[in-house]
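A.B. asks: One file: work.cif (mmCIF, C-alpha atoms and all ligand atoms).
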data_data
#
loop_
_atom_site.group_PDB
_atom_site.id
_atom_site.type_symbol
_atom_site.label_atom_id
_atom_site.label_comp_id
_atom_site.auth_asym_id
_atom_site.auth_seq_id
_atom_site.Cartn_x
_atom_site.Cartn_y
_atom_site.Cartn_z
ATOM 1 C CA MET D 290 -3.818 -1.097 -25.398
ATOM 2 C CA LYS D 291 -0.604 -1.680 -23.516
ATOM 3 C CA VAL D 292 -1.440 1.205 -21.180
ATOM 4 C CA GLU D 293 -4.903 -0.242 -20.511
ATOM 5 C CA VAL D 294 -3.496 -3.670 -19.648
ATOM 6 C CA SER D 295 -0.925 -2.053 -17.389
ATOM 7 C CA LEU D 296 -3.610 -0.003 -15.635
ATOM 8 C CA ILE D 297 -5.788 -3.072 -15.071
ATOM 9 C CA LEU D 298 -2.830 -5.009 -13.648
ATOM 10 C CA THR D 299 -1.940 -2.110 -11.367
ATOM 11 C CA LEU D 300 -5.508 -1.871 -10.111
ATOM 12 C CA LEU D 301 -5.595 -5.601 -9.410
ATOM 13 C CA LEU D 302 -2.325 -5.495 -7.504
ATOM 14 C CA THR D 303 -3.313 -2.481 -5.445
ATOM 15 C CA ALA D 304 -6.892 -3.538 -4.769
ATOM 16 C CA CYS D 305 -8.330 -4.420 -1.417
ATOM 17 C CA GLY D 306 -9.785 -7.922 -1.171
ATOM 18 C CA THR D 307 -12.106 -7.456 1.727
ATOM 19 C CA ASP D 308 -14.018 -10.490 2.957
ATOM 20 C CA HIS D 309 -16.118 -8.399 5.255
ATOM 21 C CA LYS D 310 -17.918 -10.690 7.705
ATOM 22 C CA ARG D 311 -17.424 -13.693 5.434
ATOM 23 C CA GLY D 312 -14.638 -15.639 7.073
ATOM 24 C CA SER D 313 -15.101 -19.400 6.979
ATOM 25 C CA GLY D 314 -13.508 -22.279 8.830
ATOM 26 C CA ASN D 315 -11.397 -21.863 11.927
ATOM 27 C CA HIS D 316 -11.180 -18.313 13.151
ATOM 28 C CA PRO D 317 -7.899 -16.874 14.493
ATOM 29 C CA PRO D 318 -7.505 -16.180 18.229
ATOM 30 C CA MET D 319 -9.112 -12.907 19.348
ATOM 31 C CA VAL D 320 -5.942 -11.384 20.761
ATOM 32 C CA ARG D 321 -3.699 -8.553 19.625
ATOM 33 C CA ASP D 322 -0.934 -9.992 17.422
ATOM 34 C CA VAL D 323 0.654 -7.324 15.197
ATOM 35 C CA ALA D 324 3.731 -7.731 12.950
ATOM 36 C CA ALA D 325 6.622 -5.592 14.206
ATOM 37 C CA GLU D 326 6.876 -3.639 10.917
ATOM 38 C CA LEU D 327 3.207 -2.619 11.175
ATOM 39 C CA GLU D 328 3.066 -1.926 14.911
ATOM 40 C CA GLN D 329 3.724 1.822 14.621
ATOM 41 C CA HIS D 330 0.803 2.278 12.228
ATOM 42 C CA VAL D 331 -1.599 0.082 14.205
ATOM 43 C CA ASN D 332 -0.646 1.917 17.387
ATOM 44 C CA GLN D 333 -1.265 5.301 15.706
ATOM 45 C CA PHE D 334 -4.626 4.057 14.411
ATOM 46 C CA GLU D 335 -5.651 3.020 17.936
ATOM 47 C CA HIS D 336 -4.622 6.465 19.167
ATOM 48 C CA ASP D 337 -6.450 8.328 16.353
ATOM 49 C CA TYR D 338 -9.732 6.425 16.721
ATOM 50 C CA GLY D 339 -9.718 5.443 20.395
ATOM 51 C CA VAL D 340 -10.063 1.738 19.648
ATOM 52 C CA SER D 341 -8.159 -1.428 20.531
ATOM 53 C CA VAL D 342 -7.046 -3.754 17.746
ATOM 54 C CA ASN D 343 -7.494 -7.150 19.388
ATOM 55 C CA PHE D 344 -6.750 -9.379 16.422
ATOM 56 C CA TRP D 345 -4.014 -10.531 14.033
ATOM 57 C CA VAL D 346 -2.416 -7.953 11.695
ATOM 58 C CA GLY D 347 0.460 -9.277 9.608
ATOM 59 C CA PHE D 348 1.910 -10.332 6.273
ATOM 60 C CA ALA D 349 0.490 -12.980 3.948
ATOM 61 C CA LYS D 350 0.861 -13.580 0.202
ATOM 62 C CA LEU D 351 -2.386 -12.396 -1.376
ATOM 63 C CA ASP D 352 -1.605 -12.709 -5.132
ATOM 64 C CA HIS D 353 -4.035 -10.129 -6.533
ATOM 65 C CA TYR D 354 -4.487 -7.891 -3.526
ATOM 66 C CA ALA D 355 -2.475 -5.376 -1.530
ATOM 67 C CA GLY D 356 -4.439 -6.040 1.637
ATOM 68 C CA ARG D 357 -7.420 -7.909 2.996
ATOM 69 C CA CYS D 358 -9.708 -7.803 6.023
ATOM 70 C CA THR D 359 -11.510 -10.996 6.986
ATOM 71 C CA TRP D 360 -14.240 -10.878 9.600
ATOM 72 C CA TRP D 361 -15.881 -13.993 11.034
ATOM 73 C CA SER D 362 -19.486 -14.106 12.241
ATOM 74 C CA ASN D 363 -18.352 -14.653 15.849
ATOM 75 C CA GLY D 364 -16.418 -11.356 15.780
ATOM 76 C CA ALA D 365 -12.952 -12.767 15.091
ATOM 77 C CA ARG D 366 -10.980 -10.754 12.545
ATOM 78 C CA LYS D 367 -7.640 -10.617 10.778
ATOM 79 C CA VAL D 368 -5.845 -8.154 8.517
ATOM 80 C CA GLU D 369 -3.385 -9.448 5.909
ATOM 81 C CA ILE D 370 -0.886 -7.264 4.024
ATOM 82 C CA ASP D 371 0.885 -8.616 0.947
ATOM 83 C CA PRO D 372 4.659 -8.527 1.663
ATOM 84 C CA ASP D 373 5.694 -8.097 -1.997
ATOM 85 C CA TYR D 374 3.423 -5.081 -2.354
ATOM 86 C CA TYR D 375 4.470 -3.670 1.035
ATOM 87 C CA VAL D 376 8.187 -3.421 0.157
ATOM 88 C CA GLY D 377 7.495 -0.868 -2.602
ATOM 89 C CA LEU D 378 5.542 1.541 -0.401
ATOM 90 C CA ASN D 379 6.585 4.780 1.282
ATOM 91 C CA PHE D 380 5.624 5.569 4.893
ATOM 92 C CA ALA D 381 2.375 7.365 3.992
ATOM 93 C CA GLN D 382 1.299 4.544 1.652
ATOM 94 C CA VAL D 383 1.852 1.928 4.381
ATOM 95 C CA GLU D 384 -0.213 4.019 6.779
ATOM 96 C CA GLN D 385 -2.989 4.401 4.187
ATOM 97 C CA LEU D 386 -3.036 0.651 3.515
ATOM 98 C CA VAL D 387 -3.060 -0.290 7.220
ATOM 99 C CA TYR D 388 -5.705 2.349 8.033
ATOM 100 C CA HIS D 389 -7.817 1.123 5.095
ATOM 101 C CA GLU D 390 -7.839 -2.498 6.256
ATOM 102 C CA LEU D 391 -8.414 -1.464 9.874
ATOM 103 C CA GLY D 392 -11.207 0.785 8.568
ATOM 104 C CA HIS D 393 -12.944 -2.433 7.481
ATOM 105 C CA CYS D 394 -11.904 -4.673 10.367
ATOM 106 C CA SER D 395 -12.038 -2.214 13.281
ATOM 107 C CA LEU D 396 -14.421 0.603 12.230
ATOM 108 C CA ASP D 397 -16.747 -1.548 10.065
ATOM 109 C CA LEU D 398 -16.458 0.808 7.060
ATOM 110 C CA ASP D 399 -17.219 -0.045 3.432
ATOM 111 C CA HIS D 400 -15.490 1.230 0.285
ATOM 112 C CA ASP D 401 -15.927 4.798 -0.991
ATOM 113 C CA ASP D 402 -14.475 5.544 -4.441
ATOM 114 C CA SER D 403 -15.632 9.172 -4.656
ATOM 115 C CA THR D 404 -13.221 12.061 -5.247
ATOM 116 C CA ILE D 405 -12.649 15.489 -3.695
ATOM 117 C CA GLY D 406 -10.881 18.735 -4.587
ATOM 118 C CA PHE D 407 -8.582 20.654 -2.235
ATOM 119 C CA SER D 408 -8.061 24.436 -2.393
ATOM 120 C CA ASP D 409 -4.254 24.216 -2.298
ATOM 121 C CA ILE D 410 -3.769 21.709 -5.134
ATOM 122 C CA SER D 411 -5.410 21.282 -8.539
ATOM 123 C CA GLY D 412 -7.271 18.187 -9.658
ATOM 124 C CA GLN D 413 -9.478 15.574 -8.068
ATOM 125 C CA TRP D 414 -8.160 13.235 -5.386
ATOM 126 C CA PRO D 415 -9.474 10.250 -3.458
ATOM 127 C CA LYS D 416 -12.004 11.454 -0.885
ATOM 128 C CA SER D 417 -11.369 8.553 1.435
ATOM 129 C CA ILE D 418 -8.770 6.132 2.701
ATOM 130 C CA MET D 419 -11.566 3.628 2.036
ATOM 131 C CA ARG D 420 -11.185 3.882 -1.756
ATOM 132 C CA SER D 421 -11.202 0.314 -3.076
ATOM 133 C CA TRP D 422 -7.634 0.489 -4.375
ATOM 134 C CA ALA D 423 -4.486 1.786 -2.663
ATOM 135 C CA PHE D 424 -3.068 5.309 -3.058
ATOM 136 C CA ASN D 425 -0.301 5.767 -5.639
ATOM 137 C CA TYR D 426 2.773 7.917 -4.993
ATOM 138 C CA SER D 427 1.165 11.254 -5.996
ATOM 139 C CA GLU D 428 -1.938 10.461 -3.970
ATOM 140 C CA SER D 429 0.255 9.584 -0.982
ATOM 141 C CA GLN D 430 1.752 13.094 -1.145
ATOM 142 C CA VAL D 431 -1.743 14.626 -1.109
ATOM 143 C CA TYR D 432 -2.556 12.267 1.769
ATOM 144 C CA GLU D 433 0.369 13.667 3.758
ATOM 145 C CA MET D 434 -0.703 17.274 3.013
ATOM 146 C CA HIS D 435 -4.300 16.568 4.052
ATOM 147 C CA ARG D 436 -3.872 13.797 6.615
ATOM 148 C CA ASP D 437 -6.311 15.532 9.008
ATOM 149 C CA HIS D 438 -9.069 15.350 6.361
ATOM 150 C CA TYR D 439 -8.432 11.656 5.701
ATOM 151 C CA VAL D 440 -8.364 10.686 9.379
ATOM 152 C CA GLU D 441 -11.548 12.693 10.093
ATOM 153 C CA GLU D 442 -13.323 11.304 7.021
ATOM 154 C CA MET D 443 -13.218 7.794 8.550
ATOM 155 C CA ARG D 444 -15.212 8.955 11.603
ATOM 156 C CA ARG D 445 -18.556 8.302 9.917
HETATM 157 ZN ZN ZN D 501 -11.037 -2.388 1.183
#
Could I get this file's structure written as structure tokens?
C.D. replies:
Amino acid sequence: MKVEVSLILTLLLTACGTDHKRGSGNHPPMVRDVAAELEQHVNQFEHDYGVSVNFWVGFAKLDHYAGRCTWWSNGARKVEIDPDYYVGLNFAQVEQLVYHELGHCSLDLDHDDSTIGFSDISGQWPKSIMRSWAFNYSESQVYEMHRDHYVEEMRR
């Protein structure tokens, strides 16, 4: 029972709270405004996918979510990363989280919770960066080993 509660809490804290195309009220300015700590990952994303991130990417307290993409009907977007969740992440996990939210907000991708096997490691692993909850430490190691797969998988 305790394990189940812990798992549910972990899933809630690591989940993505996408508000895909459902922003309401005032939209943020449509200009590139990226938090310094996230700049390296956003810049790499732009390089990997040949896109420009012309919106706000930064830190905001999200309570139940690790990250969130909000997209307004006029095309304005913003990506929020929870700062309390961010501090516990390694480099690969930050990249996965930033790429996931930009997958929504820049590439217009939806969630994919399916799994995949790799020939050099046993077990089933997330098939996509677009899984609806963030990668844990073990998954982040598989992500590093198979980064090419994960980057390519988002070119749908
Ligand atoms: Zn998501």
A.B. asks: Evaluated on this file, the PyMOL selection byres (((chain D and resi 433-438) around 10) and not hetatm) picks out some residues - which ones are they, written as a PyMOL selection string?
C.D. replies: chain D and resi 380-382+385+407+409-410+416-418+428-432+439-443
A.B. asks: Please identify all protein, DNA and RNA residues within 10 Å of ligand ZN 501 (chain D), counting only C-alpha atoms and all ligand atoms, and report them as a list in words.
C.D. replies: Ala304, Cys305, Gly306, Thr307, Asp308, His309, Tyr354, Ala355, Gly356, Arg357, Cys358, Leu386, Tyr388, His389, Glu390, Leu391, Gly392, His393, Cys394, Leu398, Asp399, His400, Asp401, Ile418, Met419, Arg420, Ser421, Trp422 and Ala423 of chain D
A.B. asks: Considering all atoms listed in the file, return as number ranges by chain whatever protein or nucleic-acid residues lie within 8 Å of range 333-343 of chain D, sequence-local ones (same chain, fewer than 6 positions apart) excluded.
C.D. replies: D: 319-322, 388, 395, 440, 444
A.B. asks: Between CA of Ala325 in chain D and CA of Trp361 in chain D, measure the distance and give it in Å to one decimal.
C.D. replies: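 We find that CA of Ala325 in chain D and CA of Trp361 in chain D lie 24.2 Å from each other.
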A.B. asks: Between CA of Val383 in chain D and CA of Ala349 in chain D, what is the distance, to one decimal in Å?
C.D. replies: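 Interatomic distance, CA of Val383 in chain D to CA of Ala349 in chain D: 15.0 Å.
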A.B. asks: Going by the chain IDs and residue numbers used in this file, which residues fall under the PyMOL selection byres (((chain D and resi 363) around 12) and not hetatm)? Write them as a list in words.
C.D. replies: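 Going through the file, the PyMOL selection byres (((chain D and resi 363) around 12) and not hetatm) ends up selecting Lys310, Arg311, Gly312, Ser313, Gly314, Asn315, His316, Pro317, Pro318, Met319, Thr359, Trp360, Trp361, Ser362, Gly364, Ala365 and Arg366 of chain D.
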A.B. asks: I need the chosen residues saved as an mmCIF file, keeping the file's coordinate frame, with C-alpha atoms.
C.D. replies:
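Generated output (result-v3.cif):
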data_model
loop_
_atom_site.group_PDB
_atom_site.id
_atom_site.type_symbol
_atom_site.label_atom_id
_atom_site.label_comp_id
_atom_site.auth_asym_id
_atom_site.auth_seq_id
_atom_site.Cartn_x
_atom_site.Cartn_y
_atom_site.Cartn_z
ATOM 1 C CA LYS D 310 -17.918 -10.690 7.705
ATOM 2 C CA ARG D 311 -17.424 -13.693 5.434
ATOM 3 C CA GLY D 312 -14.638 -15.639 7.073
ATOM 4 C CA SER D 313 -15.101 -19.400 6.979
ATOM 5 C CA GLY D 314 -13.508 -22.279 8.830
ATOM 6 C CA ASN D 315 -11.397 -21.863 11.927
ATOM 7 C CA HIS D 316 -11.180 -18.313 13.151
ATOM 8 C CA PRO D 317 -7.899 -16.874 14.493
ATOM 9 C CA PRO D 318 -7.505 -16.180 18.229
ATOM 10 C CA MET D 319 -9.112 -12.907 19.348
ATOM 11 C CA THR D 359 -11.510 -10.996 6.986
ATOM 12 C CA TRP D 360 -14.240 -10.878 9.600
ATOM 13 C CA TRP D 361 -15.881 -13.993 11.034
ATOM 14 C CA SER D 362 -19.486 -14.106 12.241
ATOM 15 C CA GLY D 364 -16.418 -11.356 15.780
ATOM 16 C CA ALA D 365 -12.952 -12.767 15.091
ATOM 17 C CA ARG D 366 -10.980 -10.754 12.545
#
